[in-house]
Every structure is written in C-alpha cells, then in structure tokens.
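Read the structure below first, then the notes.
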Amino acid sequence: MGLLGNELAFARALTPQERESVMALGSRKHYAADAHLLTEGDRSSHVLIIIRGWVTVSVATDRGATRLILGLRGPGELLGEMAALDPHPRSATVRALGPTETQVISGDAFRRFLALHPRVSGLVIRQLTFRLRSADQERSALASLTVLQRLAGRLTELSRAEPSGPYNPAVLGGATHTGTVVQLAQDELAATIGATREAVAKALKLLRTQHVVRTGNRMVEILDPELLALLADGHQE
C-alpha cells in the first residue's frame, strides 16, 4: 500500500522555464481546511497544482458513506489531470487537510500546453500510470488483507516518512523520545484503509496491549516500528 507515493512531485520535475510557463496559465486560489478542491462525479475539467498545504484523495466505496483515502498530496503535486484529458467525470474527491493554496489551470489551457511540450506530457503520463497502479494496490489490499494488517501497513508507511523534511505531510506530528507521532483520528485512519471506525478501534486496542503503539486525542505514537512492520507483513505476535 502507498498513501504518499514515491515519485517526484510534478512541479518539481519541471525545468525552471517549464514551471514558469505552466504556472502562467492559471491563477492562485486558496481553500480553507476541509474544503473540497475537487469532487468525485463532477464534470469540471480544470487542473490544480498545490503550492502550499496537504490534501486527501478519496473515493466512495460500496459501503455507502464510507470512503477510501487513496492518497495524500502535497506541495508541487498535480491534481485533476484525468478529467482534463478525457470527457469523463471526476474519479475522486480532493479535500484540504488544512489551509491550502493552489494554482488553478483550465483544462483547455493545460491540454494545449501538453501538446506543445512533449516532455511535460510524458511526466503527466508517468504520474497517471503510477497513481493508477497505486490505486489498484489499495483496492487489492482492501480485498485481501485483514484490518490489522492494513492498519499496521499504513502506520508503518507514515512512520517511515521524514517528519522533519520540508514537505512532510500534515498527518505527521514529528518524532518524540519514544517514537513517531501520526496525527489522525480513528475515523480518519479508518478511511485510509477502507475499514470501519469500530474495526480500527479494535485493532488499535490490540496494538496498545502489545505496546506497539500509544494512542491519544487524534494521534497514534509508534513505539515499536519493527513489530508493526512484521504485523503489516502478516506475522503474528
């Protein structure tokens, strides 16, 4: 599973001249925390480049109100490119985790730019391929792994991200003397693995009794990352 991805963000893969040209196509827009930047099923075709802030990318599941968070996107990331390249509705909802600033570019302008810049077009295709594969992996994990495995895998992924880096996700609270802190509520954690809040609460209780994690208000502290990684791989304590 991969919530953060491991590819260089779109805007940072551009040359300075390419970045200046693509940014000139649009205008700045600010979003408040929890605002929807893009909505699944919508017919709009503009694209967004995140300048500041972090967002979640989620899709509806068969369980009605339950959503599956497929990714976290941060500064430099390109959003909405699928709807800009084909006539179909938006495939996912993008929600701001905190105050977020973006560059908004119309779908027509973005398509014209790609037609004139084959290298940039190649970057977009590579990004699309990577994200589709990542989404397939998430759905496969949803079908084949237990809630405990999926939760352990998600916490392992987030704990291994660089908490002090310049582009650290909003969900990482940094390192303490005992471990890395992930700042997500239980319902938010549930959405990142496609489980119910009750199932996640039960899995966290098991992890607490094994002294793998410590939990608090909107936070999970990783105390034993090695054991957590073993659980993610399906090993039993």
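In the structure tokens, the first chain shown is A, the next is B, and so on; residue numbers restart at 1 for each chain, and ligands run from 1 in the order shown.
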* Run DSSP on the backbone and grab whatever in segment 7-92 of chain A lands in helix (DSSP H, G or I); send it over as a ChimeraX atom specification. => /A:10-13,16-23,81-85
Could you dump the residues just selected with N, CA, C and O atoms as a CSV table (one decimal), in the first residue's frame?
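So the final result, stored in again00.csv, reads:
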chain,number,residue,atom,x,y,z
A,10,PHE,N,5.1,16.7,-9.4
A,10,PHE,CA,5.0,17.2,-10.8
A,10,PHE,C,5.8,18.5,-11.0
A,10,PHE,O,6.6,18.6,-11.8
A,11,ALA,N,5.5,19.5,-10.2
A,11,ALA,CA,6.1,20.8,-10.4
A,11,ALA,C,7.6,20.8,-10.2
A,11,ALA,O,8.3,21.6,-10.8
A,12,ARG,N,8.0,19.9,-9.3
A,12,ARG,CA,9.5,19.9,-9.0
A,12,ARG,C,10.2,19.0,-10.0
A,12,ARG,O,11.5,19.0,-10.1
A,13,ALA,N,9.5,18.3,-10.9
A,13,ALA,CA,10.1,17.6,-12.0
A,13,ALA,C,10.3,18.4,-13.3
A,13,ALA,O,10.9,18.0,-14.2
A,16,PRO,N,13.0,25.0,-14.6
A,16,PRO,CA,12.5,26.3,-14.2
A,16,PRO,C,11.7,27.0,-15.3
A,16,PRO,O,10.6,27.7,-15.0
A,17,GLN,N,12.1,26.9,-16.5
A,17,GLN,CA,11.3,27.5,-17.6
A,17,GLN,C,9.9,26.9,-17.8
A,17,GLN,O,8.9,27.6,-18.0
A,18,GLU,N,9.9,25.6,-17.7
A,18,GLU,CA,8.6,24.9,-17.8
A,18,GLU,C,7.7,25.2,-16.7
A,18,GLU,O,6.5,25.5,-16.9
A,19,ARG,N,8.3,25.3,-15.5
A,19,ARG,CA,7.4,25.6,-14.3
A,19,ARG,C,6.9,27.0,-14.4
A,19,ARG,O,5.7,27.3,-14.1
A,20,GLU,N,7.7,28.0,-14.9
A,20,GLU,CA,7.2,29.3,-15.0
A,20,GLU,C,6.1,29.4,-16.1
A,20,GLU,O,5.1,30.1,-15.9
A,21,SER,N,6.2,28.7,-17.2
A,21,SER,CA,5.3,28.7,-18.3
A,21,SER,C,3.9,28.1,-17.8
A,21,SER,O,2.9,28.6,-18.1
A,22,VAL,N,4.0,26.9,-17.1
A,22,VAL,CA,2.8,26.3,-16.8
A,22,VAL,C,2.0,27.1,-15.7
A,22,VAL,O,0.8,27.2,-15.7
A,23,MET,N,2.8,27.7,-14.7
A,23,MET,CA,2.1,28.5,-13.7
A,23,MET,C,1.5,29.7,-14.3
A,23,MET,O,0.4,30.2,-13.8
A,81,GLU,N,-5.8,15.8,-13.3
A,81,GLU,CA,-5.4,15.7,-14.7
A,81,GLU,C,-6.2,14.7,-15.5
A,81,GLU,O,-6.3,14.9,-16.8
A,82,MET,N,-6.8,13.7,-14.9
A,82,MET,CA,-7.6,12.7,-15.7
A,82,MET,C,-8.8,13.4,-16.3
A,82,MET,O,-9.1,13.2,-17.5
A,83,ALA,N,-9.5,14.2,-15.6
A,83,ALA,CA,-10.7,14.9,-16.1
A,83,ALA,C,-10.3,15.9,-17.2
A,83,ALA,O,-11.1,16.3,-18.0
A,84,ALA,N,-9.1,16.4,-17.1
A,84,ALA,CA,-8.6,17.4,-18.1
A,84,ALA,C,-8.3,16.7,-19.4
A,84,ALA,O,-8.3,17.3,-20.5
A,85,LEU,N,-8.0,15.4,-19.4
A,85,LEU,CA,-7.5,14.6,-20.6
A,85,LEU,C,-8.6,13.8,-21.2
A,85,LEU,O,-8.5,13.3,-22.3
* Find the spatial neighbours of Ser27 of chain A, counting only C-alpha atoms, within a cut-off of 10 Å - ignore same-chain residues fewer than 4 positions away - and output them as a list in words. =>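 Surrounding residues, per the criterion: Met23, Leu48, Thr102, Gln103, Val104, Ile105 and Ser106 of chain A.
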Restricting the output to C-alpha atoms, write the selected residues as an mmCIF file, in the first residue's frame.
data_model
loop_
_atom_site.group_PDB
_atom_site.id
_atom_site.type_symbol
_atom_site.label_atom_id
_atom_site.label_comp_id
_atom_site.auth_asym_id
_atom_site.auth_seq_id
_atom_site.Cartn_x
_atom_site.Cartn_y
_atom_site.Cartn_z
ATOM 1 C CA MET A 23 2.114 28.475 -13.693
ATOM 2 C CA LEU A 48 -4.686 22.164 -9.783
ATOM 3 C CA THR A 102 -3.175 26.104 -5.411
ATOM 4 C CA GLN A 103 -2.653 27.259 -8.966
ATOM 5 C CA VAL A 104 -5.851 26.640 -10.967
ATOM 6 C CA ILE A 105 -5.433 25.997 -14.707
ATOM 7 C CA SER A 106 -8.281 25.397 -17.156
#
* Within 8 Å of segment 36-47 of chain A using only C-alpha atoms, minus same-chain residues under 2 positions, as an MDAnalysis selection string -> chainID A and resid 31 34 49 59 78:81 83:84 88:96 104:108 110
* To do: Tell me which of A:Ala185, A:Leu228, A:Ala191, A:Leu151 sits closest to Ala203 of chain A, counting only C-alpha atoms.
  =>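 Closest to Ala203 of chain A of all the choices is A:Leu151.
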* Asked: Where does DSSP see strand (DSSP E or B) in segment 65-101 of chain A, if you list the residues as a list of chain:residue names?
  ->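 Those residues are A:Arg67, A:Leu68, A:Ile69, A:Leu70, A:Gly71, A:Leu72, A:Arg73, A:Leu78, A:Leu79, A:Thr93, A:Val94, A:Arg95, A:Ala96, A:Thr100, A:Glu101.
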* Of the residues A:Trp54, A:Leu230, A:Leu204, A:Val171, which is the one nearest to Arg218 of chain A, using only C-alpha atoms? ->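 Result for the nearest residue to Arg218 of chain A: A:Val171.
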